[in-house]
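Participant: Have a peek at target_19.txt (compact mmCIF, C-alpha atoms).
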# COMPACT_ATOMS: atom_id res chain seq x y z
CA MET A 975 -14.29 2.14 13.63
CA ALA A 976 -13.50 -0.62 11.14
CA ASP A 977 -10.16 -1.81 9.78
CA ILE A 978 -8.79 -3.67 6.77
CA LEU A 979 -6.11 -6.21 7.74
CA HIS A 980 -3.99 -8.41 5.47
CA ARG A 981 -0.86 -10.56 5.78
CA ILE A 982 1.47 -11.73 3.02
CA GLY A 983 4.84 -13.45 2.94
CA VAL A 984 7.31 -12.13 0.39
CA LYS A 985 10.00 -14.64 -0.48
CA THR A 986 13.11 -12.61 0.27
CA THR A 987 15.63 -12.66 3.07
CA THR A 988 16.22 -8.97 2.42
CA PRO A 989 13.41 -6.96 4.06
CA GLU A 990 15.08 -3.81 2.69
CA LYS A 991 13.68 -4.76 -0.74
CA VAL A 992 10.13 -4.67 0.60
CA TYR A 993 10.84 -1.49 2.57
CA ASP A 994 12.21 0.21 -0.57
CA ALA A 995 9.08 -0.81 -2.51
CA LEU A 996 7.02 0.98 0.17
CA THR A 997 9.12 4.13 0.53
CA THR A 998 10.42 5.12 -2.92
CA VAL A 999 8.37 6.60 -5.75
CA GLU A 1000 9.92 4.07 -8.15
CA GLY A 1001 9.09 1.16 -5.83
CA LEU A 1002 5.51 2.29 -5.22
CA ALA A 1003 4.94 2.86 -8.95
CA GLY A 1004 6.14 -0.71 -9.51
CA TRP A 1005 3.25 -2.32 -7.63
CA TRP A 1006 0.46 0.20 -6.83
CA THR A 1007 0.02 2.77 -9.59
CA ASP A 1008 2.20 4.02 -12.42
CA ASP A 1009 1.13 7.57 -11.55
CA THR A 1010 3.01 8.01 -8.26
CA LYS A 1011 4.73 11.26 -7.25
CA GLY A 1012 5.98 13.01 -4.14
CA SER A 1013 8.30 12.19 -1.28
CA GLY A 1014 8.47 8.92 0.66
CA ASP A 1015 10.55 10.57 3.40
CA ALA A 1016 9.12 11.11 6.89
CA GLY A 1017 6.92 14.21 6.75
CA GLY A 1018 6.65 13.95 2.97
CA VAL A 1019 3.47 13.51 0.95
CA LEU A 1020 3.01 10.77 -1.63
CA GLU A 1021 0.48 11.33 -4.42
CA PHE A 1022 -1.16 8.28 -5.99
CA ARG A 1023 -3.43 8.69 -9.03
CA PHE A 1024 -5.65 6.06 -10.62
CA PRO A 1025 -8.01 6.13 -13.62
CA VAL A 1026 -10.94 6.75 -11.21
CA GLY A 1027 -9.36 9.08 -8.64
CA GLY A 1028 -6.49 9.27 -6.24
CA PHE A 1029 -5.06 9.58 -2.74
CA ASP A 1030 -2.47 11.73 -0.98
CA MET A 1031 -0.63 10.13 1.93
CA GLU A 1032 1.46 11.90 4.53
CA VAL A 1033 4.39 9.74 5.60
CA VAL A 1034 4.14 9.78 9.42
CA GLU A 1035 6.66 7.12 10.45
CA LEU A 1036 9.57 5.21 8.96
CA ARG A 1037 11.63 2.49 10.61
CA PRO A 1038 13.96 1.01 7.99
CA SER A 1039 13.06 -2.59 7.15
CA GLU A 1040 10.47 -2.66 9.98
CA ARG A 1041 7.62 -0.17 9.57
CA VAL A 1042 6.05 2.39 7.25
CA ALA A 1043 3.05 4.47 8.35
CA TRP A 1044 0.91 6.87 6.32
CA ARG A 1045 -2.07 9.11 7.09
CA VAL A 1046 -4.53 9.82 4.27
CA VAL A 1047 -4.76 13.58 3.79
CA ASP A 1048 -6.70 13.71 0.50
CA GLY A 1049 -8.89 11.36 -1.48
CA PRO A 1050 -12.36 9.86 -1.08
CA ALA A 1051 -14.18 11.06 2.05
CA GLU A 1052 -14.14 7.53 3.52
CA TRP A 1053 -10.31 7.47 3.37
CA ILE A 1054 -9.45 10.93 4.73
CA GLY A 1055 -8.04 10.62 8.25
CA THR A 1056 -7.53 6.85 8.01
CA THR A 1057 -4.07 5.39 8.54
CA ILE A 1058 -2.15 2.80 6.58
CA ASP A 1059 0.55 0.81 8.37
CA TRP A 1060 3.03 -1.68 6.96
CA ASN A 1061 4.83 -3.78 9.58
CA LEU A 1062 7.67 -5.98 8.35
CA ARG A 1063 9.47 -8.88 10.02
CA GLN A 1064 11.71 -11.65 8.82
CA ASP A 1065 10.54 -15.27 9.16
CA GLY A 1066 12.98 -17.70 7.55
CA ASP A 1067 13.03 -17.15 3.80
CA TYR A 1068 10.12 -14.71 3.94
CA THR A 1069 9.61 -11.10 4.84
CA ILE A 1070 6.17 -11.01 6.45
CA VAL A 1071 4.09 -7.93 5.68
CA LEU A 1072 1.31 -7.11 8.14
CA PHE A 1073 -0.89 -4.52 6.45
CA GLU A 1074 -3.43 -2.36 8.30
CA HIS A 1075 -5.78 0.26 6.85
CA ARG A 1076 -7.32 1.57 10.06
CA GLY A 1077 -9.92 4.08 11.10
CA TRP A 1078 -12.80 3.58 8.69
CA LYS A 1079 -15.88 5.16 10.28
CA GLU A 1080 -18.09 2.25 9.17
CA PRO A 1081 -17.81 -0.84 6.96
CA VAL A 1082 -19.57 0.61 3.91
CA GLU A 1083 -19.60 -1.25 0.57
CA PHE A 1084 -16.66 0.88 -0.63
CA MET A 1085 -14.59 -0.55 2.25
CA HIS A 1086 -15.34 -4.09 1.01
CA HIS A 1087 -14.17 -3.06 -2.47
CA CYS A 1088 -11.01 -1.44 -1.09
CA SER A 1089 -10.19 -4.50 1.00
CA THR A 1090 -10.25 -6.69 -2.10
CA LYS A 1091 -8.21 -4.15 -4.08
CA TRP A 1092 -5.62 -3.92 -1.28
CA ALA A 1093 -5.30 -7.72 -1.44
CA THR A 1094 -4.65 -7.61 -5.19
CA PHE A 1095 -2.11 -4.82 -4.78
CA LEU A 1096 -0.35 -6.69 -1.96
CA MET A 1097 0.03 -9.61 -4.36
CA SER A 1098 1.44 -7.10 -6.86
CA LEU A 1099 3.97 -5.97 -4.21
CA LYS A 1100 4.91 -9.61 -3.61
CA SER A 1101 5.39 -10.16 -7.34
CA LEU A 1102 7.48 -7.00 -7.74
CA VAL A 1103 9.92 -8.00 -5.01
CA GLU A 1104 10.07 -11.69 -5.98
CA THR A 1105 10.17 -11.38 -9.78
CA GLY A 1106 10.95 -7.75 -10.56
CA GLU A 1107 7.52 -7.14 -12.08
CA GLY A 1108 4.36 -6.04 -10.31
CA ALA A 1109 0.88 -5.29 -11.64
CA PRO A 1110 0.27 -1.63 -10.76
CA ALA A 1111 -2.70 0.40 -12.03
CA PRO A 1112 -3.71 0.60 -14.79
CA ARG A 1113 -2.50 -3.01 -15.33
CA ASP A 1114 -3.95 -4.26 -12.02
CA VAL A 1115 -6.54 -6.99 -11.49
CA GLN A 1116 -9.97 -5.56 -12.27
CA ILE A 1117 -12.62 -6.66 -9.76
CA SER A 1118 -15.51 -4.39 -10.78
CA ASP A 1119 -16.39 -0.98 -12.15
CA TRP A 1120 -16.35 1.29 -9.11
CA HIS A 1121 -17.25 4.92 -9.59
Could you write out this file's structure as structure tokens?
Facilitator:
Amino acid sequence: MADILHRIGVKTTTPEKVYDALTTVEGLAGWWTDDTKGSGDAGGVLEFRFPVGGFDMEVVELRPSERVAWRVVDGPAEWIGTTIDWNLRQDGDYTIVLFEHRGWKEPVEFMHHCSTKWATFLMSLKSLVETGEGAPAPRDVQISDWH
């Protein structure tokens, strides 16, 4: 199994702002993709659509201002069954986000692409919380044409 791991510091002493951006449809649409629907509650399913496809995530765990965990239930074959975890902690003026996309069967080229895209979207999350404006799809950083 292979994993994607990232860490960012979001300049806010209010981790609830980051948590809300990870658990509400409005928050998620502000940094990941405009086309976000569903329920961010535990047991709910979030639906994310992009110009080239989409993902459905079951919300498996919520700990306010500390942790959000999803399991991919629909999307590209490489993603189905993987888990996405967001662990939050306060460190001075920053809320630290430890991001994990775990359970890839093998590090195929698509995983490399997704790792880079996750990094750009994590920067979009940071921007949303710090400035009020993220760069969700379709206004995200384009790294290549992936089909």
Participant: With the cut-off set at 8 Å and counting only C-alpha atoms, tabulate each residue of range 984-1006 of chain A with an atom at most that distance from an atom of range 1094-1116 of chain A, showing the nearest atom pair and its distance in Å to one decimal, ordered by chain and increasing number, as CSV.
Facilitator:
residue,atom,partner,partner_atom,distance
A:Val984,CA,A:Lys1100,CA,5.3
A:Lys985,CA,A:Glu1104,CA,6.2
A:Thr986,CA,A:Glu1104,CA,7.0
A:Lys991,CA,A:Val1103,CA,6.5
A:Val992,CA,A:Val1103,CA,6.5
A:Ala995,CA,A:Leu1099,CA,7.5
A:Ala1003,CA,A:Pro1110,CA,6.7
A:Gly1004,CA,A:Gly1108,CA,5.7
A:Trp1005,CA,A:Pro1110,CA,4.4
A:Trp1006,CA,A:Pro1110,CA,4.3
Participant: Name the closest residue to Trp1078 in chain A among the candidates A:Ile1054, A:Ala1093, A:Ala1016, A:Val1047; distances are taken between atoms, counting all atoms listed in the file.
Facilitator: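 Closest to Trp1078 in chain A, using all atoms listed in the file: A:Ile1054.
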Participant: Could you check the closest approach to Val1019 in chain A for each of A:Val1046, A:Ile1070, A:Leu1062, A:Leu1036 and tell me which residue wins, using only C-alpha atoms?
Facilitator: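 Closest candidate: A:Val1046.
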Participant: Please, what distance in Å, to one decimal, runs between CA of Asp1067 in chain A and CA of Asp1008 in chain A?
Facilitator: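 Between CA of Asp1067 in chain A and CA of Asp1008 in chain A the gap works out to 28.8 Å.
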Participant: Between A:Ala976, A:Tyr993, A:Gln1064, A:Gly1017, single out the one closest to Glu1080 in chain A, counting all atoms listed in the file.
Facilitator: A:Ala976
Participant: Which residue out of A:Leu979, A:Ala1043, A:Val1026, A:Val1033 has the minimum interatomic distance to Trp1060 in chain A when all atoms listed in the file are used?
Facilitator: A:Ala1043
Participant: Which distance in Å separates CA of Asp1065 in chain A and CA of His1086 in chain A, to one decimal?
Facilitator: 29.3 Å
Participant: List as a PyMOL selection string: which residues have an atom within 6 Å of (15.4, -3.8, 5.8), counting all atoms listed in the file?
Facilitator: chain A and resi 989-990+1038-1039
Participant: Record the distance separating CA of Thr988 in chain A and CA of Arg1063 in chain A, expressed in Å with one decimal.
Facilitator: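 The value is 10.2 Å.
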Participant: Might you pull out every residue within 9 Å of Lys1011 in chain A, with only C-alpha atoms counted and same-chain residues fewer than 3 positions away left off, and present them as a ChimeraX atom specification?
Facilitator: /A:999-1000,1003,1019-1023
Participant: Point out the residue among A:Thr1010, A:Gly1077, A:Ile978, A:Val1042 with the least atom-to-atom distance to Asn1061 in chain A, counting all atoms listed in the file.
Facilitator: A:Val1042
Participant: Identify which of the residues A:Thr1090, A:Thr1069, A:Ser1118, A:Ser1013 lies closest to Thr998 in chain A, counting only C-alpha atoms when measuring atom-to-atom distances.
Facilitator: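 Closest residue, counting only C-alpha atoms: A:Ser1013.
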